[in-house]
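Content type compact mmCIF, C-alpha atoms, from the file query-v7.txt:
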# COMPACT_ATOMS: atom_id res chain seq x y z
CA MET A 12 0.00 0.00 0.00
CA SER A 13 1.38 3.40 -1.00
CA LEU A 14 0.05 6.78 0.03
CA PRO A 15 1.32 9.40 -2.47
CA HIS A 16 -0.91 12.04 -0.89
CA THR A 17 -2.84 12.67 2.30
CA PRO A 18 -6.11 10.68 2.06
CA SER A 19 -9.26 12.79 1.97
CA TRP A 20 -11.52 10.25 3.66
CA ARG A 21 -13.81 11.48 6.41
CA THR A 22 -14.43 7.98 7.79
CA VAL A 23 -11.99 5.06 7.88
CA ILE A 24 -13.21 1.58 8.83
CA LEU A 25 -10.50 -0.78 10.04
CA SER A 26 -11.60 -4.23 8.93
CA PRO A 27 -9.28 -6.96 10.25
CA HIS A 28 -10.25 -9.31 7.42
CA PHE A 29 -11.93 -8.86 4.07
CA ASP A 30 -15.48 -9.58 5.26
CA ASP A 31 -15.63 -7.83 8.64
CA ALA A 32 -16.86 -4.40 7.53
CA ALA A 33 -19.75 -5.83 5.53
CA LEU A 34 -20.75 -8.22 8.32
CA SER A 35 -20.59 -5.55 11.01
CA LEU A 36 -21.49 -2.21 9.43
CA ALA A 37 -23.24 -2.57 6.09
CA GLY A 38 -26.41 -1.00 7.50
CA LEU A 39 -24.76 1.97 9.23
CA LEU A 40 -22.18 2.72 6.55
CA PRO A 41 -24.49 4.80 4.29
CA GLY A 42 -25.18 7.18 7.19
CA LEU A 43 -21.54 7.80 8.13
CA PRO A 44 -19.74 10.89 6.81
CA GLY A 45 -18.06 10.23 3.47
CA PRO A 46 -15.95 9.67 1.56
CA THR A 47 -15.29 6.44 3.38
CA ALA A 48 -12.55 3.84 3.10
CA VAL A 49 -12.64 0.25 4.30
CA VAL A 50 -9.08 -0.71 5.21
CA THR A 51 -8.46 -4.45 5.43
CA VAL A 52 -5.56 -4.91 7.83
CA HIS A 53 -4.85 -8.55 6.94
CA GLY A 54 -5.03 -7.74 3.24
CA GLY A 55 -1.65 -8.99 2.04
CA ALA A 56 -0.93 -12.04 -0.10
CA PRO A 57 0.66 -15.15 1.41
CA ALA A 58 3.96 -16.40 0.04
CA PRO A 59 3.59 -18.33 -3.23
CA GLY A 60 2.89 -22.02 -2.90
CA VAL A 61 1.81 -21.94 0.75
CA PRO A 62 -1.01 -24.45 1.34
CA ALA A 63 -4.42 -23.09 2.30
CA SER A 64 -4.98 -22.52 6.01
CA ASP A 65 -7.59 -24.57 7.86
CA TRP A 66 -9.98 -21.63 7.49
CA ASP A 67 -9.42 -21.30 3.74
CA ASP A 68 -9.59 -25.06 3.31
CA LEU A 69 -13.18 -24.87 4.59
CA GLY A 70 -13.84 -22.50 1.67
CA GLY A 71 -12.49 -25.02 -0.82
CA PHE A 72 -9.16 -23.35 -1.58
CA THR A 73 -5.95 -25.18 -2.43
CA THR A 74 -3.37 -22.49 -1.68
CA GLY A 75 -3.22 -19.33 0.39
CA ALA A 76 -2.52 -17.23 -2.70
CA GLN A 77 -5.66 -18.57 -4.40
CA ALA A 78 -7.76 -17.72 -1.36
CA HIS A 79 -6.30 -14.20 -1.17
CA GLU A 80 -6.96 -13.49 -4.85
CA VAL A 81 -10.60 -14.56 -4.58
CA ARG A 82 -11.21 -12.83 -1.25
CA ARG A 83 -9.77 -9.54 -2.47
CA ALA A 84 -12.00 -9.64 -5.56
CA GLU A 85 -15.02 -10.43 -3.38
CA ASP A 86 -14.17 -7.46 -1.16
CA ALA A 87 -13.92 -5.17 -4.18
CA ARG A 88 -17.47 -6.11 -5.19
CA SER A 89 -18.75 -5.62 -1.65
CA CYS A 90 -17.06 -2.22 -1.28
CA ALA A 91 -18.53 -1.11 -4.61
CA LEU A 92 -22.02 -2.03 -3.42
CA LEU A 93 -21.44 -0.16 -0.15
CA GLY A 94 -20.08 2.92 -1.95
CA VAL A 95 -16.73 2.91 -0.12
CA GLU A 96 -13.11 2.82 -1.24
CA GLN A 97 -11.26 -0.48 -0.89
CA VAL A 98 -7.83 -0.19 0.77
CA THR A 99 -5.63 -3.13 1.73
CA ILE A 100 -2.64 -3.32 4.04
CA ASP A 101 0.14 -5.55 2.72
CA HIS A 102 0.06 -7.87 5.73
CA PRO A 103 -0.94 -11.53 5.35
CA ASP A 104 -3.61 -13.13 7.48
CA GLY A 105 -2.40 -14.74 10.71
CA PRO A 106 -2.09 -18.36 9.49
CA TYR A 107 0.28 -17.23 6.73
CA LEU A 108 2.69 -15.24 8.89
CA ASP A 109 6.14 -16.55 9.76
CA GLY A 110 5.63 -16.58 13.53
CA ASP A 111 3.65 -14.16 15.66
CA ASP A 112 4.70 -10.61 14.83
CA GLY A 113 2.28 -9.05 17.31
CA LEU A 114 -0.13 -8.02 14.55
CA GLY A 115 1.99 -4.96 13.94
CA PRO A 116 1.95 -4.02 10.26
CA THR A 117 3.92 -0.79 9.90
CA ALA A 118 1.79 0.17 6.92
CA LEU A 119 -1.27 0.46 9.18
CA ASP A 120 0.65 2.86 11.42
CA ASP A 121 1.68 4.91 8.39
CA LEU A 122 -1.90 5.11 7.15
CA LEU A 123 -3.26 6.20 10.52
CA ARG A 124 -0.60 8.88 10.89
CA SER A 125 -1.34 10.18 7.40
CA LEU A 126 -5.03 10.89 8.02
CA ALA A 127 -6.25 14.46 7.92
CA PRO A 128 -7.34 15.99 11.24
CA GLY A 129 -10.98 15.21 11.94
CA THR A 130 -10.98 11.86 10.13
CA ARG A 131 -13.12 9.42 12.08
CA VAL A 132 -11.48 6.02 12.57
CA LEU A 133 -13.62 3.00 13.47
CA ALA A 134 -12.00 -0.11 14.93
CA PRO A 135 -13.53 -3.48 15.85
CA LEU A 136 -14.49 -4.23 19.43
CA GLY A 137 -12.80 -7.63 19.38
CA THR A 138 -15.46 -9.83 20.96
CA ASN A 139 -13.89 -13.28 21.33
CA GLN A 140 -11.59 -12.61 18.37
CA ARG A 141 -7.96 -11.83 19.14
CA ASP A 142 -7.07 -10.47 15.67
CA HIS A 143 -9.92 -7.95 15.96
CA ARG A 144 -8.90 -6.93 19.46
CA ALA A 145 -5.29 -6.50 18.37
CA VAL A 146 -6.34 -4.11 15.58
CA ARG A 147 -8.31 -2.01 18.07
CA LEU A 148 -5.44 -1.86 20.55
CA ARG A 149 -2.90 -0.95 17.89
CA ALA A 150 -5.11 1.75 16.36
CA THR A 151 -5.80 3.20 19.80
CA ARG A 152 -2.09 3.37 20.61
CA VAL A 153 -0.96 4.82 17.27
CA LEU A 154 -3.68 7.48 17.26
CA ALA A 155 -2.84 8.46 20.84
CA GLU A 156 0.84 8.80 19.95
CA ALA A 157 -0.16 11.04 17.04
CA GLY A 158 -2.30 13.24 19.31
CA ALA A 159 -5.48 12.16 17.49
CA PRO A 160 -8.78 11.18 19.14
CA ALA A 161 -9.34 7.59 20.12
CA PRO A 162 -11.07 5.47 17.49
CA TRP A 163 -14.75 4.81 17.70
CA VAL A 164 -15.48 1.13 18.18
CA TYR A 165 -17.97 -1.01 16.30
CA ALA A 166 -19.52 -4.28 17.39
CA ASP A 167 -17.86 -6.97 15.30
CA LEU A 168 -20.50 -9.30 13.97
CA PRO A 169 -21.50 -12.04 14.20
CA TYR A 170 -19.29 -12.33 17.32
CA THR A 171 -20.88 -9.66 19.54
CA GLY A 172 -24.29 -10.38 18.03
CA HIS A 173 -24.51 -13.76 19.76
CA LEU A 174 -25.18 -11.97 23.05
CA PRO A 175 -28.75 -13.10 23.92
CA GLU A 176 -29.81 -9.48 24.58
CA TRP A 177 -28.13 -8.10 21.43
CA ASP A 178 -31.41 -7.18 19.76
CA THR A 179 -32.77 -5.38 22.82
CA GLU A 180 -32.34 -2.01 24.50
CA GLN A 181 -30.47 -3.78 27.31
CA ALA A 182 -27.59 -4.87 25.04
CA CYS A 183 -24.92 -2.53 26.43
CA GLU A 184 -25.86 -3.32 30.02
CA ALA A 185 -25.78 -7.03 29.20
CA LEU A 186 -22.35 -6.75 27.58
CA ALA A 187 -21.05 -5.06 30.71
CA GLY A 188 -22.00 -8.16 32.71
CA SER A 189 -21.46 -11.00 30.27
CA GLU A 190 -18.51 -13.35 30.72
CA ALA A 191 -19.31 -15.11 27.44
CA TYR A 192 -19.53 -12.10 25.10
CA GLY A 193 -18.67 -8.97 27.07
CA LEU A 194 -14.99 -9.19 28.02
CA ALA A 195 -13.80 -6.85 25.25
CA TYR A 196 -16.53 -4.34 26.07
CA GLN A 197 -15.65 -4.53 29.76
CA GLU A 198 -12.04 -3.81 28.82
CA LEU A 199 -13.20 -0.60 27.16
CA LEU A 200 -15.16 0.40 30.25
CA ARG A 201 -12.10 0.05 32.47
CA ASP A 202 -10.08 2.60 30.51
CA HIS A 203 -12.66 4.83 28.81
CA SER A 204 -15.94 6.58 29.13
CA VAL A 205 -18.00 4.70 26.53
CA THR A 206 -20.96 6.30 24.74
CA LEU A 207 -23.31 4.60 22.29
CA ARG A 208 -23.21 6.80 19.16
CA HIS A 209 -25.02 4.74 16.53
CA GLU A 210 -27.55 1.95 16.90
CA LEU A 211 -29.51 0.42 14.06
CA ARG A 212 -31.91 -2.46 13.77
CA LEU A 213 -32.06 -2.89 10.03
CA THR A 214 -35.35 -2.56 8.19
CA ASP A 215 -36.20 -5.28 5.70
CA GLU A 216 -34.93 -3.03 2.90
CA GLN A 217 -31.67 -2.33 4.73
CA TRP A 218 -31.30 -6.00 5.56
CA ALA A 219 -31.69 -6.95 1.89
CA ALA A 220 -28.91 -4.51 0.96
CA LYS A 221 -26.66 -5.82 3.74
CA ARG A 222 -27.30 -9.41 2.75
CA GLU A 223 -26.21 -8.60 -0.80
CA ALA A 224 -22.96 -7.06 0.45
CA VAL A 225 -22.30 -9.97 2.79
CA LEU A 226 -22.99 -12.54 0.08
CA CYS A 227 -20.23 -10.95 -2.01
CA HIS A 228 -17.92 -12.68 0.48
CA ALA A 229 -19.29 -16.09 -0.51
CA SER A 230 -16.00 -17.93 -0.01
CA GLN A 231 -16.09 -17.11 3.73
CA LEU A 232 -19.59 -18.27 4.54
CA ALA A 233 -18.83 -21.99 4.85
CA ALA A 234 -15.99 -21.28 7.28
CA LEU A 235 -18.23 -19.10 9.46
CA VAL A 236 -20.96 -21.70 9.91
CA PRO A 237 -19.14 -24.09 12.32
CA GLY A 238 -18.61 -21.33 14.89
CA HIS A 239 -21.66 -19.17 14.22
CA GLY A 240 -24.44 -21.46 13.03
CA SER A 241 -27.32 -19.83 11.14
CA PHE A 242 -25.80 -16.36 11.35
CA LEU A 243 -27.53 -15.21 8.14
CA VAL A 244 -31.03 -15.77 9.48
CA ARG A 245 -33.05 -12.57 8.99
CA ASN A 246 -33.44 -11.81 12.71
CA GLY A 247 -30.06 -13.18 13.68
CA PRO A 248 -26.82 -11.60 14.98
CA LEU A 249 -26.22 -9.41 11.92
CA ARG A 250 -29.54 -7.55 12.12
CA THR A 251 -28.52 -4.99 14.78
CA GLU A 252 -25.39 -2.82 14.49
CA ARG A 253 -23.79 -0.55 17.11
CA ILE A 254 -20.92 1.96 17.31
CA TRP A 255 -19.48 3.49 20.50
CA SER A 256 -17.23 6.50 21.08
CA LEU A 257 -14.41 6.46 23.62
CA GLU A 258 -13.09 9.16 25.92
CA PRO A 259 -10.02 8.29 28.02
CA ARG A 260 -10.35 8.27 31.78
CA ASP A 261 -7.86 9.99 34.07
CA PRO A 262 -6.28 7.93 36.88
CA ALA A 263 -9.19 8.85 39.18
CA GLY A 264 -11.60 7.17 36.76
CA ARG A 265 -13.11 10.37 35.37
CA ALA A 266 -13.50 11.09 31.64
CA GLU A 267 -10.97 13.65 30.49

Go through the file and emit its structure as structure tokens.
Amino acid sequence: MSLPHTPSWRTVILSPHFDDAALSLAGLLPGLPGPTAVVTVHGGAPAPGVPASDWDDLGGFTTGAQAHEVRRAEDARSCALLGVEQVTIDHPDGPYLDGDDGLGPTALDDLLRSLAPGTRVLAPLGTNQRDHRAVRLRATRVLAEAGAPAPWVYADLPYTGHLPEWDTEQACEALAGSEAYGLAYQELLRDHSVTLRHELRLTDEQWAAKREAVLCHASQLAALVPGHGSFLVRNGPLRTERIWSLEPRDPAGRAE
């Protein structure tokens, strides 16, 4: 990824993998200030000839490079439907890395530092997904070092959406007390004042548009089923989307 000029985006969505933005935010995206970019952090190609990971094997792929080529093309179609710019960080997905590098692609840091003042960055909450959590933590640190506001945080779906109360007004309160689905949210509460900024239960029309964007990522659907069951059911975990803002707390626990 090269940045010959300062990007003019007003909203930047950090998507750990190619399908996360569509799964988590397809309904809210049209209402966010544009122009908007979806930045896939694990968007780099694996080394040639590397066998498909267990995840990509579930999608029927033979090699990691084959999976990456198809997934990037799927993401391009999804981004076009959503009306956002596709941006990829040259950093392979976790199974294709040579050892654990701490999920620290320098190119992500460079992108975040290049953003114009006032650009809103959205990072995933990281509910029961360590790659997602790592992206949030890294974005939070890099933005703080640059003197920029903390990222807003979106519920990563379907993960957060499996909370039994997810489709109710008690969702945030339930996350704050849930050991099964709320640990990442509780981590936010320890260090920040957290405010719900956007909440959307998709109408049937919005759901149809989201479904179309999600189905662009067809190669990922088979791999999602073992851990998430019937996640595409109309009133399932993808139907409600949420975004929170963060304000850091001082040592006394007050919002700054």

Provide an axis-aligned box for all listed atoms of segment 127-138 of chain A, padding each side by 6 Å; report its centre and its edge lengths in Å to one decimal, as JSON.
{"center_x": -10.9, "center_y": 3.1, "center_z": 14.4, "size_x": 21.2, "size_y": 37.8, "size_z": 25.0}

What does the distance from atom CA of Leu199 of chain A to atom CA of Leu154 of chain A come to in Å, to one decimal?
->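 Here the two named atoms are 15.9 Å from each other.
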
Residue nearest Thr214 of chain A - candidates A:Val23, A:Ala118, A:Ala78, A:Leu39, atoms counted: all atoms listed in the file |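 Answer, going by the shortest atom-to-atom distance: A:Leu39.
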
Name the closest residue to Val81 of chain A among the candidates A:Cys227, A:Glu210, A:Trp255, A:Leu249; distances are taken between atoms, counting all atoms listed in the file.
->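 Of all the options, A:Cys227 lies closest to Val81 of chain A.
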
Residue among A:Tyr196, A:Phe72, A:Trp66, A:Phe29 lying closest to Gly238 of chain A, counting all atoms listed in the file |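 The shortest atom-to-atom distance to Gly238 of chain A comes from A:Trp66.
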
Which of A:Pro175, A:Thr73, A:Gly45, A:Glu198 sits closest to Leu148 of chain A [using only C-alpha atoms] | A:Glu198

Nearest candidate to Thr22 of chain A (options A:Gly247, A:Pro106, A:Pro59, A:Gly42; using only C-alpha atoms) |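 Nearest candidate to Thr22 of chain A out of A:Gly247, A:Pro106, A:Pro59, A:Gly42: A:Gly42.
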
Any idea what the distance is between atom CA of Gln97 of chain A and atom CA of Ala155 of chain A?
->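 For atom CA of Gln97 of chain A relative to atom CA of Ala155 of chain A, the distance reads 25.0 Å.
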
Quick one, how far is atom CA of Tyr170 of chain A from atom CA of Ser89 of chain A?
->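 That distance, rounded to one decimal, is 20.1 Å.
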
Nearest candidate to Val244 of chain A (options A:Leu174, A:Leu186, A:Ala219, A:Cys90; using all atoms listed in the file) | A:Ala219

Counting only C-alpha atoms, what is within 7 Å of segment 131-135 of chain A, bar same-chain residues fewer than 4 positions away, as JSON, numbers by chain?
-> {"A": [21, 22, 23, 24, 25, 143, 144, 146, 147, 162, 163, 164, 165, 166, 167]}

All residues 10 Å or closer to Asn246 of chain A, all atoms listed in the file, same chain fewer than 5 positions away omitted, as an MDAnalysis selection string = chainID A and resid 178 212:213 215 218 251

Take the residues from that selection and write them out as an mmCIF file, in the frame of the given file, keeping C-alpha atoms.
data_model
loop_
_atom_site.group_PDB
_atom_site.id
_atom_site.type_symbol
_atom_site.label_atom_id
_atom_site.label_comp_id
_atom_site.auth_asym_id
_atom_site.auth_seq_id
_atom_site.Cartn_x
_atom_site.Cartn_y
_atom_site.Cartn_z
ATOM 1 C CA ASP A 178 -31.410 -7.180 19.760
ATOM 2 C CA ARG A 212 -31.910 -2.460 13.770
ATOM 3 C CA LEU A 213 -32.060 -2.890 10.030
ATOM 4 C CA ASP A 215 -36.200 -5.280 5.700
ATOM 5 C CA TRP A 218 -31.300 -6.000 5.560
ATOM 6 C CA THR A 251 -28.520 -4.990 14.780
#

Determine, counting all atoms listed in the file, every residue of protein, DNA or RNA that lies within 12 Å of (-16.0, -11.8, 27.1) in the file coordinates, then give the result as a PyMOL selection string.
-> chain A and resi 136-141+144+170-171+173-174+185-199

Find the spatial neighbours of Ser256 of chain A, counting only C-alpha atoms, within a cut-off of 7 Å - ignore same-chain residues fewer than 2 positions away - and output them as JSON, numbers by chain.
-> {"A": [163, 164, 205, 206, 207, 208, 254, 258]}

Can you find the residues with an atom no farther than 10 Å from (-15.1, -5.5, -2.1), counting only C-alpha atoms, and report them as an mmCIF file with C-alpha atoms, in the frame of the given file?
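To be explicit, this is the file written out as selection-v1.cif:
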data_model
loop_
_atom_site.group_PDB
_atom_site.id
_atom_site.type_symbol
_atom_site.label_atom_id
_atom_site.label_comp_id
_atom_site.auth_asym_id
_atom_site.auth_seq_id
_atom_site.Cartn_x
_atom_site.Cartn_y
_atom_site.Cartn_z
ATOM 1 C CA PHE A 29 -11.930 -8.860 4.070
ATOM 2 C CA ASP A 30 -15.480 -9.580 5.260
ATOM 3 C CA ALA A 32 -16.860 -4.400 7.530
ATOM 4 C CA ALA A 33 -19.750 -5.830 5.530
ATOM 5 C CA VAL A 49 -12.640 0.250 4.300
ATOM 6 C CA ARG A 82 -11.210 -12.830 -1.250
ATOM 7 C CA ARG A 83 -9.770 -9.540 -2.470
ATOM 8 C CA ALA A 84 -12.000 -9.640 -5.560
ATOM 9 C CA GLU A 85 -15.020 -10.430 -3.380
ATOM 10 C CA ASP A 86 -14.170 -7.460 -1.160
ATOM 11 C CA ALA A 87 -13.920 -5.170 -4.180
ATOM 12 C CA ARG A 88 -17.470 -6.110 -5.190
ATOM 13 C CA SER A 89 -18.750 -5.620 -1.650
ATOM 14 C CA CYS A 90 -17.060 -2.220 -1.280
ATOM 15 C CA ALA A 91 -18.530 -1.110 -4.610
ATOM 16 C CA LEU A 92 -22.020 -2.030 -3.420
ATOM 17 C CA LEU A 93 -21.440 -0.160 -0.150
ATOM 18 C CA GLY A 94 -20.080 2.920 -1.950
ATOM 19 C CA VAL A 95 -16.730 2.910 -0.120
ATOM 20 C CA GLU A 96 -13.110 2.820 -1.240
ATOM 21 C CA GLN A 97 -11.260 -0.480 -0.890
ATOM 22 C CA VAL A 98 -7.830 -0.190 0.770
ATOM 23 C CA ALA A 224 -22.960 -7.060 0.450
ATOM 24 C CA VAL A 225 -22.300 -9.970 2.790
ATOM 25 C CA CYS A 227 -20.230 -10.950 -2.010
ATOM 26 C CA HIS A 228 -17.920 -12.680 0.480
#

Just the residues within 12 Å of Ala76 of chain A, please, counting only C-alpha atoms, with nothing from its chain fewer than 3 positions along; format it as a PyMOL selection string.
-> chain A and resi 54-64+67+72-73+79-83+103-104+107

Rebuild N, CA, C and O atoms on segment 47-70 of chain A, as a CSV table (one decimal), keeping the file's coordinate frame?
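rebuild-v9.csv written:
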chain,number,residue,atom,x,y,z
A,47,THR,N,-15.6,7.5,2.4
A,47,THR,CA,-15.3,6.4,3.4
A,47,THR,C,-14.4,5.4,2.8
A,47,THR,O,-14.5,5.0,1.6
A,48,ALA,N,-13.4,4.9,3.5
A,48,ALA,CA,-12.6,3.8,3.1
A,48,ALA,C,-12.7,2.7,4.1
A,48,ALA,O,-12.8,2.9,5.3
A,49,VAL,N,-12.7,1.5,3.5
A,49,VAL,CA,-12.6,0.2,4.3
A,49,VAL,C,-11.2,-0.3,4.1
A,49,VAL,O,-10.8,-0.7,3.0
A,50,VAL,N,-10.5,-0.3,5.2
A,50,VAL,CA,-9.1,-0.7,5.2
A,50,VAL,C,-9.0,-2.1,5.8
A,50,VAL,O,-9.2,-2.3,7.0
A,51,THR,N,-8.7,-3.1,4.9
A,51,THR,CA,-8.5,-4.4,5.4
A,51,THR,C,-7.0,-4.6,5.9
A,51,THR,O,-6.1,-4.5,5.2
A,52,VAL,N,-6.9,-4.9,7.2
A,52,VAL,CA,-5.6,-4.9,7.8
A,52,VAL,C,-4.8,-6.2,7.4
A,52,VAL,O,-3.6,-6.1,7.0
A,53,HIS,N,-5.5,-7.3,7.4
A,53,HIS,CA,-4.8,-8.6,6.9
A,53,HIS,C,-5.2,-8.7,5.5
A,53,HIS,O,-5.8,-9.7,5.0
A,54,GLY,N,-4.7,-7.8,4.7
A,54,GLY,CA,-5.0,-7.7,3.2
A,54,GLY,C,-3.9,-8.2,2.3
A,54,GLY,O,-4.1,-8.1,1.1
A,55,GLY,N,-2.8,-8.6,2.9
A,55,GLY,CA,-1.6,-9.0,2.0
A,55,GLY,C,-1.7,-10.4,1.6
A,55,GLY,O,-2.4,-11.3,2.1
A,56,ALA,N,-1.0,-10.7,0.5
A,56,ALA,CA,-0.9,-12.0,-0.1
A,56,ALA,C,0.1,-12.9,0.6
A,56,ALA,O,1.1,-12.5,1.0
A,57,PRO,N,-0.3,-14.2,0.8
A,57,PRO,CA,0.7,-15.2,1.4
A,57,PRO,C,1.8,-15.4,0.4
A,57,PRO,O,1.7,-15.1,-0.8
A,58,ALA,N,2.9,-16.0,0.9
A,58,ALA,CA,4.0,-16.4,0.0
A,58,ALA,C,3.5,-17.4,-1.0
A,58,ALA,O,2.6,-18.2,-0.7
A,59,PRO,N,4.0,-17.4,-2.2
A,59,PRO,CA,3.6,-18.3,-3.2
A,59,PRO,C,3.8,-19.8,-2.8
A,59,PRO,O,4.8,-20.1,-2.1
A,60,GLY,N,2.8,-20.6,-3.2
A,60,GLY,CA,2.9,-22.0,-2.9
A,60,GLY,C,2.5,-22.5,-1.5
A,60,GLY,O,2.5,-23.7,-1.2
A,61,VAL,N,2.2,-21.5,-0.6
A,61,VAL,CA,1.8,-21.9,0.8
A,61,VAL,C,0.4,-22.6,0.7
A,61,VAL,O,-0.5,-22.1,0.1
A,62,PRO,N,0.3,-23.8,1.3
A,62,PRO,CA,-1.0,-24.4,1.3
A,62,PRO,C,-2.1,-23.6,2.0
A,62,PRO,O,-1.8,-22.7,2.9
A,63,ALA,N,-3.3,-23.8,1.7
A,63,ALA,CA,-4.4,-23.1,2.3
A,63,ALA,C,-4.5,-23.4,3.8
A,63,ALA,O,-4.2,-24.5,4.3
A,64,SER,N,-4.8,-22.4,4.6
A,64,SER,CA,-5.0,-22.5,6.0
A,64,SER,C,-6.2,-23.4,6.3
A,64,SER,O,-7.0,-23.6,5.4
A,65,ASP,N,-6.4,-23.8,7.5
A,65,ASP,CA,-7.6,-24.6,7.9
A,65,ASP,C,-8.9,-23.8,7.5
A,65,ASP,O,-9.8,-24.4,7.0
A,66,TRP,N,-8.8,-22.5,7.8
A,66,TRP,CA,-10.0,-21.6,7.5
A,66,TRP,C,-10.3,-21.6,6.0
A,66,TRP,O,-11.4,-21.8,5.6
A,67,ASP,N,-9.2,-21.4,5.2
A,67,ASP,CA,-9.4,-21.3,3.7
A,67,ASP,C,-9.7,-22.7,3.1
A,67,ASP,O,-10.4,-22.8,2.1
A,68,ASP,N,-9.2,-23.7,3.8
A,68,ASP,CA,-9.6,-25.1,3.3
A,68,ASP,C,-11.1,-25.3,3.4
A,68,ASP,O,-11.7,-25.9,2.6
A,69,LEU,N,-11.7,-24.7,4.5
A,69,LEU,CA,-13.2,-24.9,4.6
A,69,LEU,C,-13.9,-24.2,3.4
A,69,LEU,O,-15.0,-24.6,3.1
A,70,GLY,N,-13.3,-23.2,2.8
A,70,GLY,CA,-13.8,-22.5,1.7
A,70,GLY,C,-13.5,-23.2,0.4
A,70,GLY,O,-13.9,-22.7,-0.7
